[in-house]
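Engineer: What follows is upload34.txt, made up of compact mmCIF, C-alpha atoms and all ligand atoms:
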# COMPACT_ATOMS: atom_id res chain seq x y z
CA GLY A 43 -82.38 -53.59 -97.94
CA LYS A 44 -81.24 -54.30 -101.47
CA GLY A 45 -84.03 -56.79 -102.20
CA ASN A 46 -83.03 -58.96 -105.13
CA TYR A 47 -80.46 -56.49 -106.40
CA ARG A 48 -76.71 -56.99 -106.15
CA HIS A 49 -76.07 -53.40 -105.10
CA PHE A 50 -78.01 -50.43 -103.81
CA MET A 51 -76.97 -48.62 -106.96
CA GLU A 52 -78.65 -51.26 -109.14
CA LYS A 53 -81.80 -51.03 -107.03
CA GLU A 54 -81.76 -47.23 -107.17
CA LEU A 55 -81.24 -47.22 -110.94
CA HIS A 56 -84.39 -49.33 -111.21
CA GLU A 57 -86.26 -46.75 -109.16
CA HIS A 58 -85.82 -44.06 -111.84
CA PRO A 59 -89.28 -44.56 -113.41
CA ALA A 60 -91.14 -44.49 -110.08
CA VAL A 61 -89.16 -41.58 -108.69
CA ILE A 62 -89.50 -39.43 -111.81
CA GLY A 63 -93.22 -40.22 -111.86
CA ASP A 64 -93.69 -39.43 -108.15
CA THR A 65 -91.74 -36.19 -108.48
CA LEU A 66 -93.68 -35.07 -111.55
CA ARG A 67 -96.96 -35.82 -109.77
CA GLN A 68 -95.96 -33.23 -107.15
CA TYR A 69 -95.52 -30.51 -109.77
CA VAL A 70 -97.84 -31.30 -112.71
CA ASP A 71 -101.62 -31.36 -112.58
CA PRO A 72 -102.46 -34.36 -114.80
CA ALA A 73 -105.94 -33.03 -115.60
CA THR A 74 -104.89 -29.58 -116.87
CA ARG A 75 -101.31 -30.59 -117.77
CA ALA A 76 -100.20 -27.32 -116.18
CA VAL A 77 -97.36 -27.00 -113.68
CA ALA A 78 -98.62 -26.46 -110.14
CA ARG A 79 -95.87 -25.44 -107.76
CA PRO A 80 -95.69 -24.17 -104.18
CA ALA A 81 -95.49 -20.41 -103.59
CA LEU A 82 -91.99 -19.01 -104.13
CA PRO A 83 -90.25 -16.12 -102.33
CA PHE A 84 -89.95 -14.26 -105.66
CA ASP A 85 -92.08 -13.57 -108.70
CA PRO A 86 -90.68 -15.50 -111.69
CA ALA A 87 -92.40 -13.07 -114.07
CA THR A 88 -90.19 -10.16 -112.99
CA LEU A 89 -87.12 -11.95 -111.62
CA PRO A 90 -84.04 -10.25 -113.13
CA ARG A 91 -81.61 -13.11 -112.61
CA LEU A 92 -81.39 -16.55 -111.04
CA TRP A 93 -78.35 -18.09 -109.34
CA LEU A 94 -77.98 -21.87 -109.36
CA SER A 95 -75.58 -23.72 -107.07
CA GLY A 96 -74.70 -27.33 -106.34
CA CYS A 97 -71.78 -29.76 -106.06
CA GLY A 98 -70.95 -32.81 -108.16
CA SER A 99 -73.99 -34.30 -109.83
CA ALA A 100 -76.25 -31.68 -108.26
CA PHE A 101 -74.17 -29.00 -110.01
CA LEU A 102 -74.71 -30.85 -113.29
CA VAL A 103 -78.45 -30.66 -112.66
CA CYS A 104 -78.04 -26.88 -112.21
CA ASN A 105 -76.07 -26.76 -115.43
CA THR A 106 -78.81 -28.60 -117.36
CA ALA A 107 -81.45 -26.37 -115.80
CA ARG A 108 -79.56 -23.29 -116.95
CA TYR A 109 -80.19 -24.31 -120.57
CA TRP A 110 -83.88 -24.79 -119.79
CA PHE A 111 -84.34 -21.51 -117.88
CA GLU A 112 -82.47 -19.51 -120.50
CA THR A 113 -83.84 -21.06 -123.68
CA LEU A 114 -87.38 -21.74 -122.59
CA ALA A 115 -88.09 -19.08 -119.94
CA ARG A 116 -85.70 -16.38 -121.27
CA LEU A 117 -84.40 -15.98 -117.72
CA PRO A 118 -80.72 -15.03 -117.21
CA VAL A 119 -79.01 -17.66 -115.07
CA ASP A 120 -75.66 -17.81 -113.36
CA CYS A 121 -74.56 -21.30 -112.46
CA ASP A 122 -71.50 -22.44 -110.56
CA VAL A 123 -70.18 -25.18 -108.31
CA ALA A 124 -70.81 -24.15 -104.72
CA SER A 125 -67.11 -24.37 -103.78
CA GLU A 126 -66.37 -21.63 -106.34
CA LEU A 127 -69.48 -19.55 -105.83
CA ARG A 128 -68.78 -19.22 -102.09
CA TYR A 129 -65.43 -17.53 -102.77
CA ARG A 130 -66.23 -15.74 -106.03
CA ASP A 131 -68.01 -13.07 -104.07
CA PRO A 132 -69.99 -11.97 -107.13
CA PRO A 133 -71.73 -8.56 -107.16
CA LEU A 134 -75.33 -9.16 -106.12
CA THR A 135 -78.32 -6.94 -106.75
CA LYS A 136 -81.14 -7.09 -104.21
CA GLY A 137 -84.30 -8.71 -105.50
CA GLY A 138 -82.54 -11.62 -107.15
CA ALA A 139 -83.05 -15.25 -106.26
CA ALA A 140 -80.94 -18.35 -105.87
CA MET A 141 -81.68 -22.05 -106.00
CA PHE A 142 -79.55 -24.68 -104.26
CA VAL A 143 -79.76 -28.25 -105.42
CA SER A 144 -78.71 -31.07 -103.09
CA GLN A 145 -79.75 -34.63 -102.41
CA SER A 146 -78.60 -34.63 -98.78
CA GLY A 147 -79.25 -30.98 -98.01
CA GLU A 148 -76.10 -31.06 -95.87
CA THR A 149 -73.28 -30.30 -98.32
CA ALA A 150 -70.89 -27.84 -96.62
CA ASP A 151 -69.94 -25.79 -99.70
CA ASN A 152 -73.53 -25.39 -100.78
CA LEU A 153 -74.53 -24.24 -97.30
CA ALA A 154 -71.72 -21.67 -97.38
CA ALA A 155 -72.84 -20.44 -100.82
CA MET A 156 -76.34 -20.09 -99.38
CA LYS A 157 -75.07 -17.85 -96.58
CA LEU A 158 -73.22 -15.65 -99.07
CA LEU A 159 -76.24 -15.19 -101.31
CA ARG A 160 -78.51 -14.61 -98.33
CA ALA A 161 -76.16 -11.85 -97.14
CA GLY A 162 -76.38 -10.36 -100.64
CA GLY A 163 -80.14 -10.00 -100.36
CA GLN A 164 -81.17 -12.92 -102.57
CA SER A 165 -84.20 -15.02 -101.77
CA LEU A 166 -83.33 -18.68 -101.36
CA VAL A 167 -84.99 -21.81 -102.64
CA SER A 168 -83.60 -25.28 -101.98
CA VAL A 169 -84.30 -28.39 -104.00
CA VAL A 170 -83.54 -31.23 -101.61
CA ASN A 171 -84.38 -34.86 -101.04
CA VAL A 172 -84.27 -34.76 -97.24
CA PRO A 173 -87.09 -32.60 -95.84
CA GLU A 174 -85.52 -32.08 -92.40
CA SER A 175 -82.08 -31.16 -93.78
CA THR A 176 -80.10 -28.03 -92.90
CA MET A 177 -80.54 -26.58 -96.40
CA ALA A 178 -84.31 -27.05 -96.16
CA ARG A 179 -84.27 -25.17 -92.86
CA GLU A 180 -82.06 -22.32 -94.11
CA SER A 181 -84.03 -21.54 -97.28
CA ASP A 182 -87.19 -19.47 -97.75
CA THR A 183 -88.86 -22.24 -99.72
CA THR A 184 -88.02 -25.91 -100.09
CA LEU A 185 -88.97 -27.86 -103.17
CA MET A 186 -88.83 -31.59 -102.58
CA THR A 187 -87.54 -34.27 -104.86
CA VAL A 188 -89.52 -37.42 -104.15
CA ALA A 189 -86.65 -39.86 -104.62
CA GLY A 190 -86.75 -41.68 -101.29
CA PRO A 191 -83.52 -42.55 -99.47
CA GLU A 192 -80.49 -42.86 -101.75
CA ILE A 193 -77.89 -45.17 -100.18
CA SER A 194 -75.37 -45.64 -102.98
CA VAL A 195 -72.67 -42.96 -102.92
CA ALA A 196 -73.16 -42.41 -106.65
CA SER A 197 -76.25 -40.32 -107.16
CA THR A 198 -78.76 -41.91 -109.55
CA LYS A 199 -82.46 -41.45 -108.90
CA ALA A 200 -81.93 -38.20 -106.98
CA PHE A 201 -80.35 -36.81 -110.16
CA THR A 202 -83.35 -37.51 -112.41
CA ALA A 203 -85.73 -36.36 -109.67
CA GLN A 204 -83.83 -33.05 -109.44
CA LEU A 205 -83.94 -32.68 -113.22
CA SER A 206 -87.69 -33.34 -113.12
CA VAL A 207 -88.27 -30.55 -110.59
CA MET A 208 -86.10 -28.11 -112.54
CA ALA A 209 -87.85 -28.97 -115.82
CA CYS A 210 -91.24 -28.24 -114.23
CA LEU A 211 -89.99 -24.93 -112.87
CA ALA A 212 -88.56 -23.95 -116.27
CA ILE A 213 -91.94 -24.58 -117.88
CA ASN A 214 -93.72 -22.69 -115.11
CA PHE A 215 -91.34 -19.71 -115.30
CA ALA A 216 -91.60 -19.69 -119.10
CA ARG A 217 -95.37 -19.43 -118.77
CA ALA A 218 -95.12 -16.70 -116.11
CA ARG A 219 -92.74 -14.69 -118.30
CA GLY A 220 -94.97 -15.01 -121.35
CA ALA A 221 -92.33 -16.98 -123.23
CA ILE A 222 -94.67 -19.93 -123.94
CA ASP A 223 -98.45 -20.33 -124.15
CA ALA A 224 -100.77 -22.87 -122.50
CA ALA A 225 -100.61 -25.22 -125.50
CA GLU A 226 -96.81 -25.31 -125.35
CA GLU A 227 -96.95 -25.85 -121.58
CA SER A 228 -99.19 -28.89 -121.97
CA ARG A 229 -97.07 -30.24 -124.82
CA LEU A 230 -93.93 -30.02 -122.66
CA THR A 231 -95.52 -31.47 -119.52
CA ALA A 232 -96.93 -34.31 -121.65
CA ALA A 233 -93.38 -35.01 -122.87
CA LEU A 234 -92.20 -35.09 -119.23
CA LEU A 235 -95.01 -37.40 -118.16
CA GLU A 236 -93.91 -39.95 -120.77
CA VAL A 237 -90.36 -40.15 -119.38
CA PRO A 238 -91.08 -42.80 -116.68
CA GLU A 239 -92.43 -45.24 -119.27
CA HIS A 240 -89.40 -44.74 -121.54
CA ALA A 241 -87.07 -45.04 -118.55
CA ALA A 242 -88.63 -48.38 -117.59
CA LYS A 243 -87.99 -49.73 -121.09
CA LEU A 244 -84.36 -48.61 -120.98
CA LEU A 245 -83.83 -50.36 -117.66
CA ASP A 246 -85.36 -53.58 -118.98
CA SER A 247 -82.96 -53.80 -121.89
CA SER A 248 -79.51 -53.45 -120.38
CA ASP A 249 -77.80 -55.95 -122.77
CA GLU A 250 -76.59 -53.22 -125.07
CA ILE A 251 -75.27 -51.12 -122.22
CA GLU A 252 -73.46 -54.17 -120.86
CA ALA A 253 -71.88 -54.66 -124.29
CA VAL A 254 -70.65 -51.04 -124.24
CA ALA A 255 -69.34 -51.62 -120.71
CA ALA A 256 -67.33 -54.61 -121.96
CA ASP A 257 -66.01 -52.41 -124.80
CA ILE A 258 -64.64 -49.72 -122.50
CA ARG A 259 -63.65 -51.65 -119.34
CA ASP A 260 -59.97 -51.76 -120.29
CA ALA A 261 -59.72 -48.18 -121.55
CA ARG A 262 -57.36 -45.87 -119.73
CA ASP A 263 -59.25 -42.73 -120.73
CA VAL A 264 -62.78 -42.18 -121.97
CA LEU A 265 -64.23 -38.98 -123.47
CA TYR A 266 -67.88 -38.03 -123.17
CA LEU A 267 -69.30 -35.45 -125.58
CA GLY A 268 -72.56 -33.56 -125.72
CA ARG A 269 -73.91 -30.24 -126.95
CA GLY A 270 -76.47 -27.88 -125.39
CA SER A 271 -78.43 -29.47 -122.57
CA MET A 272 -76.68 -32.78 -123.36
CA PHE A 273 -73.31 -31.30 -122.39
CA PRO A 274 -73.98 -31.51 -118.63
CA ILE A 275 -75.16 -35.11 -119.14
CA ALA A 276 -71.82 -35.87 -120.82
CA LEU A 277 -70.18 -34.44 -117.69
CA GLU A 278 -72.42 -36.63 -115.55
CA GLY A 279 -71.39 -39.70 -117.57
CA ALA A 280 -67.72 -38.89 -117.07
CA LEU A 281 -68.18 -38.17 -113.36
CA LYS A 282 -70.02 -41.45 -112.78
CA LEU A 283 -67.41 -43.48 -114.68
CA LYS A 284 -64.52 -41.93 -112.72
CA GLU A 285 -66.33 -42.30 -109.43
CA LEU A 286 -67.31 -45.96 -109.88
CA SER A 287 -64.71 -47.60 -112.13
CA TYR A 288 -61.66 -45.37 -111.47
CA ILE A 289 -61.19 -45.01 -115.24
CA HIS A 290 -60.11 -41.52 -116.20
CA ALA A 291 -63.00 -39.86 -118.03
CA GLU A 292 -63.67 -36.31 -119.16
CA GLY A 293 -66.78 -34.64 -120.49
CA TYR A 294 -66.50 -31.95 -123.13
CA ALA A 295 -68.82 -29.75 -125.09
CA ALA A 296 -68.72 -31.43 -128.52
CA GLY A 297 -67.69 -28.16 -130.17
CA GLU A 298 -64.62 -27.89 -127.93
CA MET A 299 -62.97 -31.01 -129.38
CA LYS A 300 -60.95 -29.15 -131.95
CA HIS A 301 -59.70 -26.70 -129.35
CA GLY A 302 -57.58 -29.33 -127.65
CA PRO A 303 -59.04 -32.69 -126.67
CA ILE A 304 -59.05 -34.05 -130.22
CA ALA A 305 -55.27 -34.40 -129.81
CA LEU A 306 -55.99 -37.31 -127.45
CA ILE A 307 -57.94 -39.26 -130.03
CA ASP A 308 -56.68 -42.63 -131.15
CA ALA A 309 -58.23 -46.09 -131.26
CA SER A 310 -57.60 -46.62 -127.54
CA VAL A 311 -59.79 -43.73 -126.36
CA PRO A 312 -63.52 -44.49 -126.57
CA VAL A 313 -65.61 -41.41 -127.37
CA ILE A 314 -69.07 -41.68 -125.87
CA SER A 315 -71.47 -39.19 -127.33
CA LEU A 316 -74.95 -38.14 -126.34
CA CYS A 317 -76.51 -37.20 -129.60
CA PRO A 318 -80.33 -37.32 -129.73
CA SER A 319 -82.07 -35.97 -132.82
CA GLY A 320 -83.02 -32.30 -132.60
CA PRO A 321 -81.75 -28.87 -133.58
CA LEU A 322 -78.15 -29.60 -132.45
CA PHE A 323 -77.88 -33.08 -133.97
CA GLU A 324 -76.06 -32.17 -137.20
CA LYS A 325 -73.44 -30.09 -135.38
CA THR A 326 -72.70 -32.82 -132.85
CA ALA A 327 -72.64 -35.53 -135.51
CA SER A 328 -70.07 -33.59 -137.52
CA ASN A 329 -67.82 -33.22 -134.43
CA LEU A 330 -68.05 -36.99 -133.97
CA GLN A 331 -67.25 -37.65 -137.59
CA GLU A 332 -64.08 -35.58 -137.18
CA ALA A 333 -63.08 -37.70 -134.19
CA ALA A 334 -63.86 -40.90 -136.15
CA ALA A 335 -61.71 -39.66 -139.05
CA ARG A 336 -58.79 -39.52 -136.60
CA GLY A 337 -59.23 -43.13 -135.58
CA GLY A 338 -61.57 -42.47 -132.62
CA ARG A 339 -63.89 -45.26 -131.52
CA ILE A 340 -67.30 -43.60 -131.39
CA ILE A 341 -70.03 -44.97 -129.16
CA ALA A 342 -73.18 -42.95 -129.78
CA PHE A 343 -76.37 -42.74 -127.76
CA THR A 344 -79.15 -41.46 -129.99
CA ASP A 345 -82.70 -42.29 -131.16
CA GLU A 346 -84.25 -43.90 -134.26
CA GLU A 347 -84.04 -40.63 -136.17
CA GLY A 348 -80.37 -40.00 -135.39
CA ALA A 349 -79.16 -43.60 -135.74
CA PRO A 350 -78.74 -43.94 -139.54
CA ALA A 351 -76.41 -40.92 -139.86
CA LEU A 352 -74.29 -42.04 -136.90
CA ARG A 353 -74.06 -45.68 -138.05
CA ARG A 354 -71.95 -44.50 -141.00
CA PHE A 355 -68.93 -43.89 -138.76
CA ALA A 356 -69.73 -44.97 -135.17
CA SER A 357 -68.48 -48.31 -133.89
CA ARG A 358 -71.59 -48.68 -131.73
CA VAL A 359 -74.94 -46.93 -131.80
CA VAL A 360 -77.31 -47.32 -128.85
CA VAL A 361 -80.86 -46.37 -129.83
CA LEU A 362 -83.00 -44.77 -127.12
CA PRO A 363 -86.67 -43.83 -127.49
CA LYS A 364 -87.20 -40.62 -129.46
CA VAL A 365 -88.43 -37.89 -127.13
CA ASP A 366 -88.84 -34.14 -127.24
CA PRO A 367 -85.33 -32.55 -127.08
CA PHE A 368 -86.50 -30.76 -123.91
CA VAL A 369 -86.66 -34.03 -121.95
CA ALA A 370 -83.77 -35.81 -123.70
CA PRO A 371 -81.23 -34.96 -120.94
CA ILE A 372 -83.38 -36.71 -118.32
CA LEU A 373 -83.68 -39.85 -120.43
CA HIS A 374 -80.02 -39.95 -121.51
CA ALA A 375 -78.83 -39.64 -117.90
CA ILE A 376 -80.10 -43.15 -117.24
CA PRO A 377 -77.96 -45.16 -119.72
CA VAL A 378 -74.80 -43.19 -118.82
CA GLN A 379 -75.34 -44.05 -115.17
CA MET A 380 -76.09 -47.69 -116.09
CA LEU A 381 -72.90 -47.79 -118.13
CA ALA A 382 -70.75 -46.65 -115.21
CA TYR A 383 -72.49 -49.23 -113.02
CA HIS A 384 -71.79 -52.11 -115.42
CA VAL A 385 -68.14 -51.11 -115.92
CA ALA A 386 -67.71 -51.05 -112.13
CA VAL A 387 -69.28 -54.51 -111.83
CA LEU A 388 -66.94 -55.85 -114.55
CA LYS A 389 -63.94 -54.32 -112.83
CA GLY A 390 -65.03 -55.55 -109.40
CA THR A 391 -64.80 -52.17 -107.69
CA ASP A 392 -66.86 -51.32 -104.61
CA VAL A 393 -69.96 -50.07 -106.41
CA ASP A 394 -71.94 -48.65 -103.50
CA GLN A 395 -68.98 -47.26 -101.58
CA PRO A 396 -66.25 -46.11 -104.01
CA ARG A 397 -62.86 -45.44 -102.45
CA ASN A 398 -62.19 -41.98 -100.99
CA LEU A 399 -65.82 -40.80 -101.33
CA ALA A 400 -68.57 -39.98 -98.85
CA LYS A 401 -72.30 -39.83 -99.53
CA ALA A 402 -72.69 -36.42 -97.94
CA VAL A 403 -69.71 -34.06 -98.04
CA THR A 404 -70.29 -32.13 -94.82
CA VAL A 405 -66.77 -30.69 -94.56
CA GLU A 406 -65.13 -28.26 -96.94
O1 LIG A 501 -75.99 -34.34 -101.30
P1 LIG A 501 -75.59 -33.50 -102.50
O2 LIG A 501 -76.55 -33.66 -103.64
O3 LIG A 501 -75.38 -32.07 -102.15
O4 LIG A 501 -74.21 -34.11 -102.98
C1 LIG A 501 -73.52 -33.47 -104.03
C2 LIG A 501 -72.38 -34.34 -104.53
O5 LIG A 501 -71.50 -34.67 -103.50
C3 LIG A 501 -72.88 -35.63 -105.20
O6 LIG A 501 -73.79 -35.37 -106.24
C4 LIG A 501 -71.70 -36.42 -105.77
O7 LIG A 501 -71.11 -35.74 -106.84
C5 LIG A 501 -72.15 -37.83 -106.16
N1 LIG A 501 -71.34 -38.81 -105.52
C6 LIG A 501 -72.18 -38.04 -107.65
O8 LIG A 501 -72.57 -39.34 -108.00
Written as structure tokens, that's how I'd like the structure from this file.
Structural biologist:
Amino acid sequence: GKGNYRHFMEKELHEHPAVIGDTLRQYVDPATRAVARPALPFDPATLPRLWLSGCGSAFLVCNTARYWFETLARLPVDCDVASELRYRDPPLTKGGAAMFVSQSGETADNLAAMKLLRAGGQSLVSVVNVPESTMARESDTTLMTVAGPEISVASTKAFTAQLSVMACLAINFARARGAIDAAEESRLTAALLEVPEHAAKLLDSSDEIEAVAADIRDARDVLYLGRGSMFPIALEGALKLKELSYIHAEGYAAGEMKHGPIALIDASVPVISLCPSGPLFEKTASNLQEAAARGGRIIAFTDEEGAPALRRFASRVVVLPKVDPFVAPILHAIPVQMLAYHVAVLKGTDVDQPRNLAKAVTVE
């Protein structure tokens, strides 16, 4: 049941800390702070290329993971939504590998993409939340997210659990490929292991998120911006807002603003930006400043280090704990999901069962 929560989604949001912690415990040895993973059907040290496939939020996990695998592990990644991948018919070289991310493990397009890549001689790994699912059965290796049952149609805890698995794999592959040393591995796993505690604090202080929700509830359109690994989280924010509140929302790479979307900017379009401190901060901040100069109402999610610069032009700055940029996408996913939840509550939409949507999309 829902316990004392109004909706399954609210309950599941509050499970983020436990689920991230439980998932990390499956993949990180707390004593050595090294990643310990099950055997895989390929050797990450020599893997030439990795395919990543998912739908909806699971695709956005793949997209985030692509930044991690490429930047940290120096592994070439191709990432697409399963409904495109299954018909793209890309040239495949034997010896490659593919990973399929899915909460349900039953998503029709992802299963079809699996068949295509299997036929092309790729070894298959699934990252699923349901151990007895079809995708688990059809893959060579299954990596479990330990999220427990997710009832709400909008994915919440499964999303951060999937990110946690992918982050561990990126660290592990980076080590196997000689891209990082043991000290860097333990620094990164330590950063991951701190996420549950930060997540718990975020969930305890929802007042600010509720204030942002009140700010945007009457908007017709909302833009979400992010750069690097925060770009897929901007897309996740936009997807969740559309799904739950029926407000039109789009996510963009911050640097794409001046190639079109900035034409939309006026005081009626809130611009939500995910802008933690780190190597990409200055670039993102300057994109936001440009939007502010055109009358845009900037709502920025950042940390203590990023806040002062953003306060100069943003109408609202939400300060999250400062974490290593590597784990920032996992942490920032939580307030964007909370925001969509609170807007939906204000608008009185059916939070757990949004119109026209199904929890598992088992038909094409
Ligand atoms: O079960 P799956 O993870 O394969 O489902 C994929 C998508 O249908 C799912 O993530 C969908 O986008 C959610 N409703 C997003 O909140």
Engineer: Which neighbours of A:Thr344 fall inside 8 Å, counting all atoms listed in the file, when residues of the same chain fewer than 3 positions from it are skipped, and could you give them as a PyMOL selection string?
Structural biologist: chain A and resi 316-319+347-349+359-362
Engineer: Give me, as a list in words, all polymer residues having an atom no more than 8 Å from A:Arg116, counting only C-alpha atoms and skipping those fewer than 6 positions away in the same chain.
Structural biologist: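 My list of contacting residues is Ala216, Arg219 and Ala221 of chain A.
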Engineer: Just give me the gap between atom CA of A:Ala333 and atom C5 of ligand LIG 501 (chain A) in Å, one decimal is fine.
Structural biologist: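 About the pair atom CA of A:Ala333 and atom C5 of ligand LIG 501 (chain A): they are 29.5 Å apart.
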Engineer: Within 6 Å of ligand LIG 501 (chain A), counting only C-alpha atoms and all ligand atoms: which residues, as an mmCIF file with C-alpha atoms, in the coordinates of the input?
Structural biologist:
data_model
loop_
_atom_site.group_PDB
_atom_site.id
_atom_site.type_symbol
_atom_site.label_atom_id
_atom_site.label_comp_id
_atom_site.auth_asym_id
_atom_site.auth_seq_id
_atom_site.Cartn_x
_atom_site.Cartn_y
_atom_site.Cartn_z
ATOM 1 C CA CYS A 97 -71.780 -29.760 -106.060
ATOM 2 C CA GLY A 98 -70.950 -32.810 -108.160
ATOM 3 C CA SER A 99 -73.990 -34.300 -109.830
ATOM 4 C CA ALA A 100 -76.250 -31.680 -108.260
ATOM 5 C CA SER A 144 -78.710 -31.070 -103.090
ATOM 6 C CA GLN A 145 -79.750 -34.630 -102.410
ATOM 7 C CA SER A 146 -78.600 -34.630 -98.780
ATOM 8 C CA GLY A 147 -79.250 -30.980 -98.010
ATOM 9 C CA THR A 149 -73.280 -30.300 -98.320
ATOM 10 C CA VAL A 195 -72.670 -42.960 -102.920
ATOM 11 C CA ALA A 196 -73.160 -42.410 -106.650
ATOM 12 C CA SER A 197 -76.250 -40.320 -107.160
ATOM 13 C CA LYS A 282 -70.020 -41.450 -112.780
ATOM 14 C CA ALA A 402 -72.690 -36.420 -97.940
ATOM 15 C CA VAL A 403 -69.710 -34.060 -98.040
#
Engineer: So how far away is atom CA of A:Ala256 from atom CA of A:Phe201, in Å?
Structural biologist: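 If I compute the distance from atom CA of A:Phe201 to atom CA of A:Ala256, I get 25.0 Å.
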Engineer: Between A:Asp366, A:Asp345, A:Glu148, A:Glu285, which is the closest to A:Glu406 once you count all atoms listed in the file?
Structural biologist: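 That would be A:Glu148, the residue with the smallest distance to A:Glu406.
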Engineer: Just give me the gap between atom CA of A:Tyr69 and atom CA of A:His56 in Å, one decimal is fine.
Structural biologist: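 Separation between atom CA of A:Tyr69 and atom CA of A:His56: 21.9 Å.
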Engineer: Point out the residue among A:Ser357, A:Ser287, A:Thr326, A:Ser125 with the least atom-to-atom distance to A:His384, counting only C-alpha atoms.
Structural biologist: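 Of the candidates, the smallest distance to A:His384 is held by A:Ser287.
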Engineer: Nearest to A:Val172 among A:Ser194, A:Ala200, A:Asp263, A:Ala351, with distances taken over only C-alpha atoms: which residue is it?
Structural biologist: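 Of the candidates, the smallest distance to A:Val172 is held by A:Ala200.
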Engineer: Counting all atoms listed in the file, what is within 6 Å of stretch 105-109 of chain A, bar same-chain residues fewer than 4 positions away, as number ranges by chain?
Structural biologist: A: 113, 119, 208, 271, 274
Engineer: Applying 12 Å and all atoms listed in the file, which residues near A:Phe355 remain after dropping the ones on its own chain fewer than 6 positions away? List them as a list in words.
Structural biologist: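 Everything that qualifies: Ala327, Ser328, Asn329, Leu330, Gln331, Glu332, Ala333, Ala334, Ala335, Arg336, Gly337, Gly338, Arg339, Ile340, Ile341, Ala342 and Ala349 of chain A.
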Engineer: Could you add whatever atoms are missing so that stretch 148-152 of chain A carries all heavy atoms, then write the result as a PDB file, in the coordinates of the input?
Structural biologist:
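As written to disk, part.pdb reads:
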ATOM      1  N   GLU A 148     -77.091 -31.288 -96.928  1.00  0.00           N
ATOM      2  CA  GLU A 148     -76.100 -31.060 -95.870  1.00  0.00           C
ATOM      3  C   GLU A 148     -74.723 -30.703 -96.420  1.00  0.00           C
ATOM      4  O   GLU A 148     -73.761 -30.654 -95.659  1.00  0.00           O
ATOM      5  CB  GLU A 148     -75.954 -32.320 -94.987  1.00  0.00           C
ATOM      6  CG  GLU A 148     -77.241 -32.794 -94.324  1.00  0.00           C
ATOM      7  CD  GLU A 148     -77.806 -31.807 -93.301  1.00  0.00           C
ATOM      8  OE1 GLU A 148     -77.081 -30.870 -92.897  1.00  0.00           O
ATOM      9  OE2 GLU A 148     -78.978 -31.975 -92.933  1.00  0.00           O
ATOM     10  N   THR A 149     -74.583 -30.498 -97.695  1.00  0.00           N
ATOM     11  CA  THR A 149     -73.280 -30.300 -98.320  1.00  0.00           C
ATOM     12  C   THR A 149     -72.681 -28.963 -97.890  1.00  0.00           C
ATOM     13  O   THR A 149     -73.285 -27.907 -98.101  1.00  0.00           O
ATOM     14  CB  THR A 149     -73.422 -30.401 -99.845  1.00  0.00           C
ATOM     15  OG1 THR A 149     -74.053 -31.646-100.126  1.00  0.00           O
ATOM     16  CG2 THR A 149     -72.085 -30.337-100.554  1.00  0.00           C
ATOM     17  N   ALA A 150     -71.474 -29.017 -97.278  1.00  0.00           N
ATOM     18  CA  ALA A 150     -70.890 -27.840 -96.620  1.00  0.00           C
ATOM     19  C   ALA A 150     -70.734 -26.659 -97.599  1.00  0.00           C
ATOM     20  O   ALA A 150     -71.099 -25.520 -97.262  1.00  0.00           O
ATOM     21  CB  ALA A 150     -69.544 -28.203 -96.007  1.00  0.00           C
ATOM     22  N   ASP A 151     -70.174 -26.903 -98.765  1.00  0.00           N
ATOM     23  CA  ASP A 151     -69.940 -25.790 -99.700  1.00  0.00           C
ATOM     24  C   ASP A 151     -71.249 -25.140-100.137  1.00  0.00           C
ATOM     25  O   ASP A 151     -71.325 -23.920-100.292  1.00  0.00           O
ATOM     26  CB  ASP A 151     -69.175 -26.308-100.935  1.00  0.00           C
ATOM     27  CG  ASP A 151     -67.679 -26.483-100.654  1.00  0.00           C
ATOM     28  OD1 ASP A 151     -67.105 -25.649 -99.920  1.00  0.00           O
ATOM     29  OD2 ASP A 151     -67.094 -27.441-101.173  1.00  0.00           O
ATOM     30  N   ASN A 152     -72.259 -25.951-100.336  1.00  0.00           N
ATOM     31  CA  ASN A 152     -73.530 -25.390-100.780  1.00  0.00           C
ATOM     32  C   ASN A 152     -74.185 -24.568 -99.669  1.00  0.00           C
ATOM     33  O   ASN A 152     -74.801 -23.535 -99.919  1.00  0.00           O
ATOM     34  CB  ASN A 152     -74.460 -26.525-101.260  1.00  0.00           C
ATOM     35  CG  ASN A 152     -75.175 -26.172-102.572  1.00  0.00           C
ATOM     36  OD1 ASN A 152     -74.924 -25.126-103.173  1.00  0.00           O
ATOM     37  ND2 ASN A 152     -76.061 -27.041-103.005  1.00  0.00           N
TER      38      ASN A 152
END
